[in-house]
>>> print(open('entry.txt').read())   # compact mmCIF, C-alpha atoms
# COMPACT_ATOMS: atom_id res chain seq x y z
CA MET A 138 -50.13 13.98 85.43
CA VAL A 139 -51.13 12.96 81.93
CA ARG A 140 -51.49 15.40 79.10
CA ASP A 141 -54.60 15.14 76.95
CA GLY A 142 -55.28 18.05 74.64
CA GLY A 143 -53.61 20.43 77.05
CA GLU A 144 -55.73 19.36 80.03
CA LEU A 145 -54.60 17.81 83.27
CA VAL A 146 -55.94 14.28 83.62
CA VAL A 147 -56.13 12.59 87.01
CA ASP A 148 -57.42 9.02 87.27
CA GLY A 149 -58.92 9.33 83.82
CA LYS A 150 -60.80 12.56 84.61
CA GLN A 151 -59.98 16.09 83.57
CA ALA A 152 -58.79 18.23 86.45
CA HIS A 153 -58.19 21.95 86.55
CA LEU A 154 -55.89 23.54 89.12
CA SER A 155 -57.10 26.89 90.40
CA GLN A 156 -54.71 29.79 89.74
CA ASP A 157 -53.65 31.58 92.87
CA HIS A 158 -52.43 34.67 92.43
CA HIS A 159 -29.26 33.65 92.05
CA THR A 160 -29.50 31.45 89.40
CA HIS A 161 -30.08 33.27 86.13
CA GLY A 162 -31.06 30.51 83.73
CA GLN A 163 -27.52 29.29 83.53
CA LYS A 164 -26.50 25.68 83.25
CA HIS A 165 -24.70 23.95 86.08
CA THR A 166 -21.95 21.35 85.97
CA VAL A 167 -22.73 18.09 87.71
CA PRO A 168 -20.09 15.70 89.14
CA ASP A 169 -19.71 13.71 85.91
CA GLY A 170 -18.60 16.90 84.14
CA SER A 171 -21.72 17.27 82.00
CA GLU A 172 -23.95 20.31 82.02
CA GLY A 173 -27.64 20.59 82.66
CA HIS A 174 -30.23 22.24 84.82
CA ALA A 175 -29.24 21.37 88.38
CA PHE A 176 -31.80 20.96 91.13
CA PRO A 177 -30.44 22.87 94.13
CA PRO A 178 -30.42 20.80 97.31
CA LEU A 179 -32.54 22.02 100.18
CA LEU A 180 -30.86 22.90 103.46
CA TYR A 181 -32.12 20.11 105.70
CA LYS A 182 -32.81 16.48 104.90
CA ARG A 183 -35.71 16.10 107.29
CA TRP A 184 -37.20 17.38 110.52
CA THR A 185 -40.31 17.05 112.69
CA ASP A 186 -42.74 19.83 113.51
CA THR A 187 -43.31 21.11 117.04
CA SER A 188 -45.63 18.17 117.80
CA GLY A 189 -42.89 15.74 116.80
CA VAL A 190 -45.28 13.95 114.45
CA LYS A 191 -44.93 15.16 110.89
CA VAL A 192 -41.68 14.29 109.16
CA GLN A 193 -40.79 16.19 106.01
CA GLN A 194 -38.55 14.94 103.25
CA SER A 195 -36.99 16.56 100.18
CA TYR A 196 -38.21 15.67 96.71
CA VAL A 197 -37.45 16.72 93.17
CA VAL A 198 -40.41 16.95 90.81
CA ASP A 199 -39.60 14.96 87.69
CA SER A 200 -40.88 17.35 85.03
CA ASP A 201 -39.54 15.40 82.06
CA GLY A 202 -41.81 15.86 79.03
CA TRP A 203 -43.91 18.69 80.45
CA ASP A 204 -44.38 21.98 78.62
CA HIS A 205 -44.26 25.31 80.42
CA ALA A 206 -48.03 25.49 80.91
CA GLU A 207 -47.85 22.26 82.90
CA LEU A 208 -44.85 23.48 84.87
CA VAL A 209 -46.82 26.59 85.80
CA GLU A 210 -49.68 24.49 87.16
CA VAL A 211 -47.36 22.27 89.19
CA CYS A 212 -45.32 25.16 90.63
CA ARG A 213 -48.53 26.82 91.80
CA LEU A 214 -49.88 23.54 93.17
CA VAL A 215 -46.74 23.00 95.25
CA LEU A 216 -46.85 26.56 96.60
CA ARG A 217 -50.50 26.20 97.61
CA VAL A 218 -49.83 22.88 99.33
CA VAL A 219 -47.03 24.29 101.53
CA ARG A 220 -48.74 27.63 102.23
CA ALA A 221 -49.65 26.93 105.85
CA GLY A 222 -45.99 26.45 106.80
CA VAL A 223 -44.53 29.43 104.90
CA ALA A 224 -42.66 32.01 106.96
CA LYS A 225 -40.90 33.95 104.18
CA TYR A 226 -40.25 33.85 100.45
CA GLU A 227 -38.32 35.60 97.71
CA THR A 228 -38.12 35.80 93.96
CA ASP A 229 -36.18 37.57 91.29
CA LEU A 230 -37.94 39.45 88.51
CA PRO A 231 -36.46 39.21 85.03
CA VAL A 232 -36.96 42.08 82.61
CA ALA A 233 -40.61 42.19 81.55
CA ASP A 234 -41.41 39.88 78.66
CA GLY A 235 -44.09 40.91 76.18
CA GLU A 236 -45.24 37.29 76.02
CA TRP A 237 -46.13 37.08 79.71
CA PRO A 238 -49.85 36.53 80.32
CA VAL A 239 -51.66 39.62 81.60
CA GLU A 240 -52.03 38.24 85.13
CA VAL A 241 -48.31 37.41 85.27
CA ALA A 242 -47.31 40.91 84.17
CA ALA A 243 -49.66 42.38 86.79
CA ALA A 244 -48.17 40.12 89.50
CA ALA A 245 -44.67 41.20 88.46
CA GLU A 246 -45.61 44.85 88.98
CA VAL A 247 -46.84 44.10 92.50
CA LEU A 248 -43.57 42.34 93.26
CA ARG A 249 -41.48 45.14 91.72
CA GLY A 250 -43.10 47.46 94.22
CA VAL A 251 -41.94 45.09 96.96
CA ALA A 252 -38.45 44.97 95.45
CA GLY A 253 -38.30 48.76 95.54
CA ARG A 254 -38.88 48.67 99.30
CA THR A 255 -37.11 45.52 100.55
CA GLY A 256 -34.90 44.29 97.71
CA ARG A 257 -33.19 45.88 94.75
CA VAL A 258 -34.08 47.04 91.25
CA GLU A 259 -31.33 47.34 88.66
CA LYS A 260 -31.25 50.05 85.97
CA GLY A 261 -31.88 47.49 83.25
CA GLY A 262 -35.08 46.33 84.96
CA TYR A 263 -33.95 43.12 86.63
CA ALA A 264 -35.09 43.05 90.27
CA GLN A 265 -35.06 40.95 93.43
CA THR A 266 -37.70 41.18 96.13
CA GLY A 267 -35.45 40.24 99.00
CA LEU A 268 -36.99 38.13 101.76
CA VAL A 269 -40.69 38.84 102.22
CA ARG A 270 -42.44 37.81 105.43
CA ALA A 271 -45.54 35.71 104.85
CA ASP A 272 -47.37 36.24 108.15
CA ALA A 273 -49.54 39.28 108.78
CA ALA A 274 -47.96 39.88 112.19
CA ALA A 275 -44.63 40.53 110.49
CA GLY A 276 -46.11 42.74 107.78
CA GLY A 277 -46.97 40.08 105.21
CA ASN A 278 -50.18 40.15 103.22
CA GLU A 279 -52.11 37.80 100.97
CA GLU A 280 -52.00 40.12 97.95
CA THR A 281 -48.22 39.89 97.81
CA TRP A 282 -48.25 36.12 98.38
CA ALA A 283 -50.85 35.71 95.61
CA ALA A 284 -48.65 37.74 93.26
CA PHE A 285 -45.69 35.55 94.17
CA VAL A 286 -47.62 32.33 93.43
CA THR A 287 -48.75 33.74 90.09
CA PHE A 288 -45.29 34.93 89.04
CA ALA A 289 -42.95 32.29 90.51
CA PRO A 290 -43.06 29.92 87.48
CA TRP A 291 -41.55 32.73 85.38
CA ALA A 292 -38.72 33.51 87.81
CA TYR A 293 -35.11 32.50 87.31
CA ASP A 294 -34.89 31.85 91.04
CA ALA A 295 -37.63 31.71 93.67
CA GLY A 296 -37.61 30.22 97.15
CA VAL A 297 -39.90 29.60 100.12
CA TRP A 298 -38.85 28.99 103.74
CA GLY A 299 -40.61 27.75 106.84
CA GLU A 300 -39.54 28.55 110.39
CA VAL A 301 -36.95 25.75 110.27
CA GLY A 302 -35.62 25.59 106.71
CA GLU A 303 -36.29 25.77 103.00
CA LEU A 304 -39.59 24.37 101.74
CA VAL A 305 -39.53 25.06 98.00
CA SER A 306 -36.81 25.92 95.51
CA LEU A 307 -37.82 26.90 91.97
CA SER A 308 -35.44 27.88 89.19
CA ASP A 309 -35.13 28.32 85.44
CA GLU A 310 -38.78 29.38 84.92
CA GLY A 311 -40.19 26.37 86.71
CA ARG A 312 -38.00 23.78 85.01
CA SER A 313 -36.40 22.88 88.34
CA ILE A 314 -38.72 22.18 91.27
CA ALA A 315 -37.41 20.94 94.62
CA VAL A 316 -39.81 20.71 97.53
CA ARG A 317 -39.96 19.54 101.14
CA LEU A 318 -43.21 17.79 102.04
CA ASP A 319 -44.76 15.80 104.85
CA GLY A 320 -46.80 12.67 104.21
CA ASP A 321 -50.16 14.43 103.73
CA GLN A 322 -48.60 16.93 101.34
CA VAL A 323 -46.92 14.17 99.34
CA GLU A 324 -50.31 12.55 98.94
CA ALA A 325 -51.94 15.82 97.89
CA VAL A 326 -49.33 16.57 95.24
CA GLY A 327 -49.02 12.96 94.11
CA ARG A 328 -52.77 12.70 93.45
CA VAL A 329 -52.42 15.39 90.80
CA ILE A 330 -49.04 14.80 89.18
CA GLY A 331 -48.59 11.08 89.91
CA ALA A 332 -46.61 9.70 92.84
CA ALA A 333 -43.76 8.59 90.58
CA ARG A 334 -43.10 12.23 89.64
CA LEU A 335 -42.00 12.96 93.22
CA VAL A 336 -38.48 11.57 93.36
CA PRO A 337 -36.66 11.59 96.72
CA GLU A 338 -33.85 14.10 96.40
CA LYS A 339 -31.20 11.55 97.36
CA GLU A 340 -32.28 9.42 94.39
CA TRP A 341 -32.69 12.18 91.82
CA ARG A 342 -29.12 12.57 90.56
CA ALA A 343 -28.88 8.88 89.67
CA VAL A 344 -32.21 9.09 87.83
CA TRP A 345 -31.13 12.21 85.98
CA LYS A 346 -27.74 10.82 84.96
CA GLN A 347 -29.30 7.59 83.74
CA ARG A 348 -31.78 9.54 81.63
CA ARG A 349 -28.97 11.57 80.07
CA ARG A 350 -27.10 8.39 79.19
CA GLU A 351 -30.19 6.92 77.57
CA ARG A 352 -30.81 10.06 75.52
CA ARG A 353 -27.21 10.22 74.37
CA SER A 354 -27.24 6.58 73.34
CA SER A 355 -30.41 7.18 71.33
CA GLY A 356 -28.87 10.16 69.55
CA GLY A 357 -30.46 12.86 71.68
CA ASP A 358 -28.61 15.83 73.10
CA GLY A 359 -29.26 14.89 76.73
>>> encode(input="entry.txt", output="structure tokens")
Amino acid sequence: MVRDGGELVVDGKQAHLSQDHHTHGQKHTVPDGSEGHAFPPLLYKRWTDTSGVKVQQSYVVDSDGWDHAELVEVCRLVLRVVRAGVAKYETDLPVADGEWPVEVAAAAEVLRGVAGRTGRVEKGGYAQTGLVRADAAAGGNEETWAAFVTFAPWAYDAGVWGEVGELVSLSDEGRSIAVRLDGDQVEAVGRVIGAARLVPEKEWRAVWKQRRRERRSSGGDG
């Protein structure tokens, strides 16, 4: 992804992504004792589907330098790419923010209705949907999924699971994006954000720590 006047640019051409409709923002301590936004590891390192062909691997999206509008686009892109394999999902719902876009506020209301039935709603307004089934046979519906995709980049914690394990982990309003993809999905995401932005999870901590060291040495706050 390259920013150019607020637009997504892919291979020199403007590209627009269509808008489908635990942790609580806290910092986490990493092994070197420093603090920062941690990228929660997914449950399984890799597996094959029932045909034994597609192998999935965990990646962290390197969002360094992106603003929230870009994070929103990428979170929604990732969720659309994994949709076919989604079995269930969940999100929390922070207290309504007057700065949320209209469609995000509307999506939050749909999800609060879900939370009232299958999750919990606190007196102060904070809510959690609990696990929501994605397939129609188990009571899932596309309206709720669309609301989830629209709202997820504003959640403190949102997750998506397939039949085998976790597919997507989002936290801190889209600042942390961990995803499990097969080869075709890697290609689909990489075409939009750049292949280098998909860092294998096992390599991410070293990349992140090196970046912190470089920022500290240059006088940044890491």
>>> residues_around(input="entry.txt", residues="range 209-212 of chain A", least_positions_apart="4", cutoff="9 Å", atoms="all atoms listed in the file", output="list in words")
His153, Leu154, Ser155, Gln156, Val198, Asp204, His205, Leu216, Arg217, Val286, Thr287, Ala289, Pro290, Trp291, Leu307, Glu310, Gly311, Ile314, Val326, Val329 and Ile330 of chain A
>>> closest_residue(input="entry.txt", among="A:Asp272, A:Glu246, A:Asp201, A:Glu338", to="Tyr226 in chain A", atoms="only C-alpha atoms")
A:Asp272
>>> closest_residue(input="entry.txt", among="A:Val215, A:Ala325, A:Val223, A:Ala332", to="Gly302 in chain A", atoms="all atoms listed in the file")
A:Val223
>>> atom_distance(input="entry.txt", atom1="CA of Val269 in chain A", atom2="CA of Glu227 in chain A")
6.0 Å
>>> atom_distance(input="entry.txt", atom1="CA of Val323 in chain A", atom2="CA of Leu335 in chain A")
7.9 Å
>>> atom_distance(input="entry.txt", atom1="CA of Gly250 in chain A", atom2="CA of Ala224 in chain A")
20.0 Å
>>> closest_residue(input="entry.txt", among="A:Gln322, A:Thr228, A:Thr255, A:Ser313", to="Trp282 in chain A", atoms="only C-alpha atoms")
A:Thr228
>>> axis_aligned_box(input="entry.txt", around="range 298-303 of chain A", padding_each_side="8 Å", output="lines of an AutoDock Vina configuration file")
center_x = -38.1
center_y = 27.3
center_z = 106.7
size_x = 21.0
size_y = 19.4
size_z = 23.4
>>> closest_residue(input="entry.txt", among="A:Val251, A:Val219, A:Val192, A:Arg352", to="Gly299 in chain A", atoms="all atoms listed in the file")
A:Val219
>>> residues_around(input="entry.txt", residues="Gln265 in chain A", least_positions_apart="2", cutoff="7 Å", atoms="only C-alpha atoms", output="list in words")
Thr228, Asp229, Leu230, Ala252, Gly256, Arg257, Val258 and Gly267 of chain A
>>> closest_residue(input="entry.txt", among="A:Gly253, A:Lys225, A:Gly202, A:Ser354", to="Ala273 in chain A", atoms="all atoms listed in the file")
A:Lys225
>>> closest_residue(input="entry.txt", among="A:Gly222, A:Ala242, A:Gly261, A:Ser200", to="Arg317 in chain A", atoms="only C-alpha atoms")
A:Gly222
>>> residues_around(input="entry.txt", residues="Leu248 in chain A", least_positions_apart="3", cutoff="7 Å", atoms="only C-alpha atoms", output="VMD selection string")
chain A and resid 244 to 245 251 to 252 266 281 284
>>> write_last_selection(input="entry.txt", atoms="C-alpha atoms", output="mmCIF file, in the coordinates of the input")
data_model
loop_
_atom_site.group_PDB
_atom_site.id
_atom_site.type_symbol
_atom_site.label_atom_id
_atom_site.label_comp_id
_atom_site.auth_asym_id
_atom_site.auth_seq_id
_atom_site.Cartn_x
_atom_site.Cartn_y
_atom_site.Cartn_z
ATOM 1 C CA ALA A 244 -48.170 40.120 89.500
ATOM 2 C CA ALA A 245 -44.670 41.200 88.460
ATOM 3 C CA VAL A 251 -41.940 45.090 96.960
ATOM 4 C CA ALA A 252 -38.450 44.970 95.450
ATOM 5 C CA THR A 266 -37.700 41.180 96.130
ATOM 6 C CA THR A 281 -48.220 39.890 97.810
ATOM 7 C CA ALA A 284 -48.650 37.740 93.260
#
